[in-house]
Amino acid sequence: MREKAVYLLGLLGALVMIFNLNTVFNKLPDEAMQGAVYRIIFIHVPAAINADIFYTVALITAILFLATKNFIWDSITVSCIEVGTMLILLNLVTGSIWGRNQWGIWWAWDLRMTSQLMCFLLYLGYLLIRPAIAEPTQRASLSSIVAIFAYADIPLVLMAIRLPNVRTQHPGPVLETGQMAPMFKAPFGIGILALFLIGTALVLVRMHQETSQREIDSLRRELHAA
Amino acid sequence: MKHGLLTAWAIAQKDLRTELRTKESINAAASFSLVILVLFSFAFDLGREELYAISGGLLWLVYSFAGALIVNRGFAREIPNDCLDVLISSPAPGWAIFLGKAVAAFCLLIIVEMISLPVFGLFYNIRWTESFGSLAIVILLATWGITVVGTAFSAVTVNVRLRELMLPVLLYPILIPLLIGAMGTTTALLGGESMTGDNLSSLRLLIGFDLIYTSLALYLIDFVLVF
């Protein structure tokens, strides 16, 4: 039952995504300055927003694990960080493609790009250290701590790259000043929703895998002990 | 609180004494930093102006490499003879053990830095003595940041497979904001700027980093040591 609900959620996300891609590619006109490539905004920005959402959930569940020692929180943390990191990668890759088209270079050490890359590296550390710890309680505790440390670093990274030696050429005002053309607003919102639904479905699948994995491990240990 | 601080001081003294008698990590870190300084001179063939422009970055790369070597030993030193288990089960509070180890690593790293700074000035013909006063503030703040995060992660990775590899993978991304601040300010100070404007805001970043991570590490260390 639970499994079916999860797959249904994923399917719903995929349908919303297909619907949105259809709107984006077939119905919206090209943008005046950038031509066709502006359409990346409907994947690129929603990926970043959703990654932030999943990382924030991971922070909360990491703290909850340390407070309660309930493994369900640890499963949510690792699932959210995996999905968040995947979304950051999607964000970086799409951004890089856009940059090659618009700026002529794949990468610029710009404020937002640098911060996203740092974010990616920080959580990559989390994903690398997890499999290196054998004992389950230890693995969950230590990786929760790494998750908290990583999240605490994000505001500092944002502050550090605002120091004078970092240049900015990433477009930003469209979202922050609300100057986005009205016809772009709906596909943009739906883009966020689609990735959120798909991401949540992936988190739920991964959580289930984590729980099963832990059960298998404990059965194996019992067997060895007997 | 007072008891904890005394315990921390005792642990710091113990670590420093062990290290200064055996010199196992300090020798390695000092010679490693010299080797890196020599390697950099082959990597870049630069004029005088350009050298000053990259001086801060160069110096802090050397310091952070040496720092990783030193903090790696922090908790690993206690593994033989199950000393770590004894430390944890002793009445010493977790934060005091951590603070003691961080202070010891800080002193060791400062010693290594004070050895490699004159060598750096000598090899690259960079005048650092005039700005040493303000440079010292940056060095003290950033070194504390490196050792406090490094010691915390050395506690995290002490029981982990491939400990020596895991520590840098975790440590350097976390240190990025600190290193950006320290590198920028050091370059500016070596180039003859004073501690105002942008350099002051870098300094604030270093102080903020130190405060946030010191308190976070002191609070979370119990979860690291006892799970």
# chains A, B, ... in the order shown; residues from 1 in each chain; ligands from 1
>>> closest_atom_pairs(of="chain A", to="chain B", cutoff="10 Å", atoms="only C-alpha atoms", output="Markdown table")
| residue | atom | partner | partner_atom | distance |
| --- | --- | --- | --- | --- |
| A:Leu66 | CA | B:Phe223 | CA | 7.2 |
| A:Ala67 | CA | B:Phe223 | CA | 9.6 |
| A:Lys69 | CA | B:Phe227 | CA | 9.0 |
| A:Ser115 | CA | B:Pro177 | CA | 9.9 |
| A:Leu117 | CA | B:Pro173 | CA | 9.8 |
| A:Met118 | CA | B:Pro173 | CA | 6.6 |
| A:Cys119 | CA | B:Pro173 | CA | 8.5 |
| A:Phe120 | CA | B:Pro173 | CA | 9.3 |
| A:Leu121 | CA | B:Pro173 | CA | 6.1 |
| A:Leu122 | CA | B:Pro173 | CA | 5.5 |
| A:Tyr123 | CA | B:Leu170 | CA | 9.0 |
| A:Leu124 | CA | B:Leu170 | CA | 8.5 |
| A:Gly125 | CA | B:Leu170 | CA | 5.1 |
| A:Tyr126 | CA | B:Leu170 | CA | 7.6 |
| A:Leu128 | CA | B:Met166 | CA | 7.9 |
| A:Ile129 | CA | B:Met166 | CA | 6.7 |
| A:Arg130 | CA | B:Val160 | CA | 9.4 |
| A:Pro131 | CA | B:Arg161 | CA | 9.1 |
| A:Ala132 | CA | B:Arg161 | CA | 5.4 |
| A:Ile133 | CA | B:Val160 | CA | 5.4 |
| A:Ala134 | CA | B:Val160 | CA | 8.0 |
| A:Glu135 | CA | B:Val160 | CA | 9.8 |
| A:Thr137 | CA | B:Phe227 | CA | 6.7 |
| A:Gln138 | CA | B:Phe227 | CA | 6.0 |
| A:Arg139 | CA | B:Val160 | CA | 9.2 |
| A:Ala140 | CA | B:Phe227 | CA | 9.1 |
| A:Ser141 | CA | B:Phe227 | CA | 6.4 |
| A:Leu142 | CA | B:Val224 | CA | 6.0 |
| A:Ser143 | CA | B:Val156 | CA | 8.6 |
| A:Ser144 | CA | B:Phe223 | CA | 9.6 |
| A:Ile145 | CA | B:Leu220 | CA | 7.2 |
| A:Val146 | CA | B:Leu170 | CA | 8.2 |
| A:Ile148 | CA | B:Leu216 | CA | 8.9 |
| A:Phe149 | CA | B:Ile174 | CA | 7.7 |
| A:Ala150 | CA | B:Ile174 | CA | 6.7 |
| A:Tyr151 | CA | B:Ile174 | CA | 9.6 |
| A:Ala152 | CA | B:Ile212 | CA | 8.0 |
| A:Asp153 | CA | B:Ile174 | CA | 6.3 |
| A:Ile154 | CA | B:Pro177 | CA | 9.0 |
| A:Pro155 | CA | B:Pro177 | CA | 9.4 |
| A:Leu156 | CA | B:Pro177 | CA | 6.0 |
| A:Val157 | CA | B:Pro177 | CA | 5.0 |
| A:Leu158 | CA | B:Pro177 | CA | 8.2 |
| A:Met159 | CA | B:Leu205 | CA | 7.4 |
| A:Ala160 | CA | B:Pro177 | CA | 5.1 |
| A:Ile161 | CA | B:Pro177 | CA | 7.5 |
| A:Arg162 | CA | B:Ser202 | CA | 9.9 |
| A:Leu163 | CA | B:Asp198 | CA | 7.1 |
| A:Pro164 | CA | B:Asp198 | CA | 7.0 |
| A:Asn165 | CA | B:Gly184 | CA | 7.6 |
| A:Val166 | CA | B:Ile180 | CA | 9.9 |
>>> select_by_dssp(residues="segment 18-175 of chain A", states="alpha helix (DSSP H)", output="ChimeraX atom specification")
/A:18-22,41-68,71-102,111-129,136-160,173-175
>>> residues_around(residues="segment 126-128 of chain B", least_positions_apart="5", cutoff="12 Å", atoms="only C-alpha atoms", output="NGL selection string")
:B and (47-56 or 58-59 or 114 or 117-121 or 133-136 or 186-193)
>>> residues_around(residues="Val205 of chain A", least_positions_apart="3", cutoff="12 Å", atoms="only C-alpha atoms", output="PyMOL selection string")
chain A and resi 2-10+75-76+78-80+82-83+198-202+208-212
>>> residues_around(residues="Val24 of chain A", least_positions_apart="3", cutoff="8 Å", atoms="only C-alpha atoms", output="ChimeraX atom specification")
/A:20-21,27-28,39,42,187
>>> atom_distance(atom1="atom CA of Arg73 of chain B", atom2="atom CA of Leu5 of chain B")
21.9 Å
>>> residues_around(residues="Ala12 of chain B", least_positions_apart="3", cutoff="9 Å", atoms="only C-alpha atoms", output="PyMOL selection string")
chain B and resi 7-9+15-17+97+99-105
>>> residues_around(residues="Trp144 of chain B", least_positions_apart="2", cutoff="10 Å", atoms="only C-alpha atoms", output="number ranges by chain")
B: 102-103, 105-107, 109-110, 138-142, 146-150, 206-207, 209-210, 214
>>> atom_distance(atom1="atom CA of Arg112 of chain A", atom2="atom CA of Phe25 of chain A")
26.3 Å
>>> atom_distance(atom1="atom CA of Phe184 of chain A", atom2="atom CA of Ala108 of chain A")
26.5 Å
